[in-house]
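Report on the structure given below.
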Amino acid sequence: MMVMRKLRKKMRTFLWFAIVVFVGGMTAMMVGGGGRKPTPTELGKVGEISAKTTSTWQKIQKRNKKETTPLLYRDYSNLINHYKKQGIPNWKCKDLAFNSLIEEALVVQEIKKRGIEITDEEVVATIRNNPPPELLQDTFLLTNGRFDHNKYLALISNPSSTQWLQSYELIIRNQLPREILYQTITASARPTTIDFVEVYVQTNLKLTLEYALMQNKAHKIQSAELLEYYNTNKDEFSSQKEPLIEYVVFPVPISTEDKNYTKEIAEEIADFAQDGASLENLATEYTCQLVTVIQESPTQGLIKKEDGYHIIKGNKELILPIRPSDESFALIEDEISNDFIFAAKSDFLTAAKSCDLEVHKVGATYAPIKTYIDLTEKNKLIGPIEGIDCLYVIHTLGIQKSYTPDFPIIAEKIRDKYQHSEAKKLANKLLVECKGNDIIVDNSKGNYPLGKFKEVLQTNGFQVETIVFNSSNEISSSLQELFLNVSNLPENETGIVSTKEGIYLVHCLNREEPTQAEIEKAIPTIYPKWMKEEKDRVYAEWLTNSKANVNIKDYRYKVY
């Protein structure tokens, strides 16, 4: 009986998604009276997807009505709770959950479209030959420290196994068609061993580089220079057509109850940690962030800091931030819906002014809003939309025409582009100096004397850094980008690299590639993992393209 209880407990945590999303139907909640058509929210939907119209002829013939797939609130809510348990902020959980529903709906549609079905015999064979991963290390099923398949077969033949086997069958019936779909879609990903060798060599290089960042911080840019650059390159600063919106921000205060509750939870966690519980388990149970530091902190236990409560044990810290609770968000949301929205329907600006709120007017690209809301319609109120510690209400203004912003509005952007342009000119000039008249004729490399690069750069007032790159380096993101751009730079060659941080002039001092013996050793161990990564990439591309080819309606936020 003990092993049965253990198995049932493990099955509850195994492949949660199969049980949470699209398992069983949901009876629509037909709410509303007096013949009023119920809203999507009242029907239990947070959104829906439908295929896009593919031709003008379809529109003319009114044959563009496609079957829609609802995204159910029940599944959305379950997914939010799942992501919360991973320590993800509430406002992110909602978008992750909504996106997961869209992807799952697309997968279900594709399985149906391709006619993928599984038989009872396939389910039985899968159960017999593929034990749940959670059971592979169960001591009850081990013999001499190894999983005993005969014990597993005896277990599933036991009548008392019926309950967890039913759960496992449900998981298989949900997952097996998805696995077949995955294999079908990724069958086109057939990279060869030669492709693998090329990638392996590039990702296991050891490069010793000299480099200098070309931005001259000492050079004071005159306004006249920037204005001239702006007038000469106006096309670069022209904005594309996009939805234009205005929005207001309602802060959600952290109540005394929120603070007290967080403190109580932090003290409870600290007590468990002191009694021997691991911070890893506590982070999972209480959905907190866990960080590891190199050195053990001299201060242990519970500490209150600006970002919340820290429970420190050894060299690990569990962070419990103080944030507004769901109840605090709900209170402000009710106030917005009952008071502000009513006034904003008549005059958004006046309503904002009466609440002493600043109105932000921007292109939708720059707004703190979610992905799937339609902003193209004019004069619509959307919201409240949840942020990290606030709520947004948006007023749509329609589509703005393409235009070039005035100089003062984008002065910083102009400055950045001008500085980038000047740095590139300077890099080209110094590259010529490096390779100048001192080139040594050498058929093997054909480059300039050692030390020339550093001499030229230092003479022109630039600091030259030296770095060794390899696959195990822990370096900044800007230098990672630099490395990716110079991976093909031959030894003793110089090149110009453009990154987000700026323009670099780079000289490769030494280049070490993996040996043939190292490559042959890597093929049997690393090649399968790389193949899986390639297949995952192809599948992700299919999913991205599928999302781009459907209309997505988001009903989470009321539109007034």
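Residue numbers start at 1 in each chain; chains themselves are named A, B, ... in the order of the structure tokens; ligands are numbered from 1 in the order shown.
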
Q: Could you give me, as number ranges by chain, the residues within 8 Å of segment 126-131 of chain A, counting only C-alpha atoms and dropping anything in the same chain fewer than 2 positions from it?
A: A: 122-124, 133, 135-136, 152-153, 168-169, 172

Taking only residues of segment 219-278 of chain A that have an atom at most 8 Å from an atom of segment 391-395 of chain A, what is each one's shortest atom pair and its distance in Å to one decimal, using only C-alpha atoms, in chain and number order, as JSON lines?
```
{"residue": "A:Ile245", "atom": "CA", "partner": "A:His395", "partner_atom": "CA", "distance": 5.7}
{"residue": "A:Glu246", "atom": "CA", "partner": "A:His395", "partner_atom": "CA", "distance": 5.3}
{"residue": "A:Tyr247", "atom": "CA", "partner": "A:Ile394", "partner_atom": "CA", "distance": 4.3}
{"residue": "A:Val248", "atom": "CA", "partner": "A:Val393", "partner_atom": "CA", "distance": 5.6}
{"residue": "A:Val249", "atom": "CA", "partner": "A:Tyr392", "partner_atom": "CA", "distance": 4.8}
{"residue": "A:Phe250", "atom": "CA", "partner": "A:Leu391", "partner_atom": "CA", "distance": 5.1}
{"residue": "A:Pro251", "atom": "CA", "partner": "A:Leu391", "partner_atom": "CA", "distance": 6.5}
{"residue": "A:Val252", "atom": "CA", "partner": "A:Leu391", "partner_atom": "CA", "distance": 7.1}
```

Store the residues of this selection in a file with C-alpha atoms, as a PDB file, in the first residue's frame.
```pdb
ATOM      1  CA  ILE A 245      -2.344  55.253 -28.049  1.00  0.00           C
ATOM      2  CA  GLU A 246      -2.457  57.216 -24.835  1.00  0.00           C
ATOM      3  CA  TYR A 247      -2.509  55.599 -21.431  1.00  0.00           C
ATOM      4  CA  VAL A 248      -2.535  56.291 -17.706  1.00  0.00           C
ATOM      5  CA  VAL A 249      -0.905  54.399 -14.869  1.00  0.00           C
ATOM      6  CA  PHE A 250      -2.674  53.571 -11.602  1.00  0.00           C
ATOM      7  CA  PRO A 251      -0.155  52.608  -8.889  1.00  0.00           C
ATOM      8  CA  VAL A 252      -1.188  49.654  -6.731  1.00  0.00           C
TER       9      VAL A 252
END
```

**Q.** Counting only C-alpha atoms, the option among A:Ile265, A:Pro524, A:Leu381, A:Ile156 closest to Leu141 of chain A
**A.**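 Checking each of A:Ile265, A:Pro524, A:Leu381, A:Ile156 against Leu141 of chain A, counting only C-alpha atoms, the winner is A:Ile156.
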
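Comparing the minimum interatomic distances between Trp530 of chain A and each of A:Leu101, A:Leu170, A:Met214, A:Val197, counting only C-alpha atoms, we find that A:Val197 sits nearest.
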
Would you mind listing what lies within 12 Å of Gln274 of chain A as an mmCIF file with C-alpha atoms, in the first residue's frame, with only C-alpha atoms counted and same-chain residues fewer than 2 positions away left out?
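What landed in out_36.cif:
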```cif
data_model
loop_
_atom_site.group_PDB
_atom_site.id
_atom_site.type_symbol
_atom_site.label_atom_id
_atom_site.label_comp_id
_atom_site.auth_asym_id
_atom_site.auth_seq_id
_atom_site.Cartn_x
_atom_site.Cartn_y
_atom_site.Cartn_z
ATOM 1 C CA GLU A 267 9.636 34.213 9.289
ATOM 2 C CA GLU A 268 7.945 30.877 8.612
ATOM 3 C CA ILE A 269 10.448 30.053 5.848
ATOM 4 C CA ALA A 270 13.367 31.112 8.057
ATOM 5 C CA ASP A 271 12.142 28.792 10.837
ATOM 6 C CA PHE A 272 11.923 25.840 8.431
ATOM 7 C CA GLY A 276 17.097 21.823 8.445
ATOM 8 C CA ALA A 277 14.874 22.298 5.375
ATOM 9 C CA SER A 278 16.823 23.067 2.195
ATOM 10 C CA LEU A 279 16.366 26.470 0.566
ATOM 11 C CA LEU A 282 11.482 26.025 0.330
ATOM 12 C CA GLN A 300 22.864 34.099 8.211
ATOM 13 C CA GLY A 301 19.123 33.792 8.790
ATOM 14 C CA LEU A 302 16.398 36.347 8.039
ATOM 15 C CA ILE A 311 16.623 34.120 4.044
ATOM 16 C CA ILE A 312 20.341 33.286 3.957
ATOM 17 C CA LYS A 313 21.736 29.813 4.556
ATOM 18 C CA GLY A 314 25.344 29.066 3.672
#
```

Q | Sel. of strand (DSSP E or B) residues, segment 248-458 of chain A, as a VMD selection string | A | chain A and resid 248 to 251 289 to 292 301 to 305 308 to 313 316 to 320 360 to 363 378 to 386 390 to 400 403

Sorted per-residue table, segment 99-189 of chain A near segment 72-75 of chain A, closest atoms and distance, 12 Å, only C-alpha atoms, as CSV:
```
residue,atom,partner,partner_atom,distance
A:Asn99,CA,A:Asp75,CA,11.8
A:Ser100,CA,A:Asp75,CA,9.8
A:Leu101,CA,A:Asp75,CA,7.7
A:Ile102,CA,A:Leu72,CA,10.4
A:Glu104,CA,A:Asp75,CA,10.8
A:Ala105,CA,A:Leu72,CA,10.4
```

Dump of N, CA and C atoms for the selected residues, as a PDB file, in the first residue's frame:
```pdb
ATOM      1  N   ASN A  99      -0.198  32.711 -23.779  1.00  0.00           N
ATOM      2  CA  ASN A  99       0.600  32.237 -24.909  1.00  0.00           C
ATOM      3  C   ASN A  99       0.615  30.709 -24.956  1.00  0.00           C
ATOM      4  N   SER A 100       0.669  30.058 -23.787  1.00  0.00           N
ATOM      5  CA  SER A 100       0.644  28.596 -23.737  1.00  0.00           C
ATOM      6  C   SER A 100      -0.673  28.051 -24.271  1.00  0.00           C
ATOM      7  N   LEU A 101      -1.781  28.732 -23.952  1.00  0.00           N
ATOM      8  CA  LEU A 101      -3.089  28.310 -24.464  1.00  0.00           C
ATOM      9  C   LEU A 101      -3.133  28.403 -25.987  1.00  0.00           C
ATOM     10  N   ILE A 102      -2.563  29.470 -26.530  1.00  0.00           N
ATOM     11  CA  ILE A 102      -2.539  29.643 -27.986  1.00  0.00           C
ATOM     12  C   ILE A 102      -1.739  28.523 -28.641  1.00  0.00           C
ATOM     13  N   GLU A 104      -0.981  25.555 -27.439  1.00  0.00           N
ATOM     14  CA  GLU A 104      -1.647  24.266 -27.266  1.00  0.00           C
ATOM     15  C   GLU A 104      -2.805  24.119 -28.251  1.00  0.00           C
ATOM     16  N   ALA A 105      -3.567  25.195 -28.454  1.00  0.00           N
ATOM     17  CA  ALA A 105      -4.685  25.145 -29.405  1.00  0.00           C
ATOM     18  C   ALA A 105      -4.180  24.883 -30.823  1.00  0.00           C
TER      19      ALA A 105
END
```

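Closest to Val506 of chain A among A:Lys454, A:Lys535, A:Lys37, A:Arg556 is A:Lys454, based on only C-alpha atoms.
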
Q) Could you pull the residues within 8 Å of segment 80-84 of chain A, counting only C-alpha atoms, minus those fewer than 4 positions along the same chain, as a list in words? A)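 My reading of the contact set: Tyr76, Ile88, Pro89, Asn90, Cys93, Lys94, Leu96, Ala97 and Thr287 of chain A.
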
Q: Using only C-alpha atoms, find the one residue out of A:Gln215, A:Asn204, A:Thr262, A:Thr350 that sits nearest to Ile319 of chain A.
A: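 Closest to Ile319 of chain A, using only C-alpha atoms: A:Thr262.
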
(Q) When you look at segment 536-542 of chain A with a cut-off of 7 Å (counting only C-alpha atoms), what residues show up, excluding the ones that are within fewer than 6 positions of it in the same chain? I need them as a VMD selection string. (A) chain A and resid 182 185 to 186 189

Q) Would you give me, as an NGL selection string, the residues in segment 238-412 of chain A that DSSP reads as alpha helix (DSSP H)? A) :A and (256-274 or 279-286 or 326-335 or 341-344 or 348-354 or 411-412)

Q. Looking at A:Trp164, A:Tyr309, A:Phe453, A:Tyr560, which one is nearest to Ile341 of chain A, with distances taken over only C-alpha atoms?
A.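 Among A:Trp164, A:Tyr309, A:Phe453, A:Tyr560, it is A:Tyr560 that comes nearest to Ile341 of chain A.
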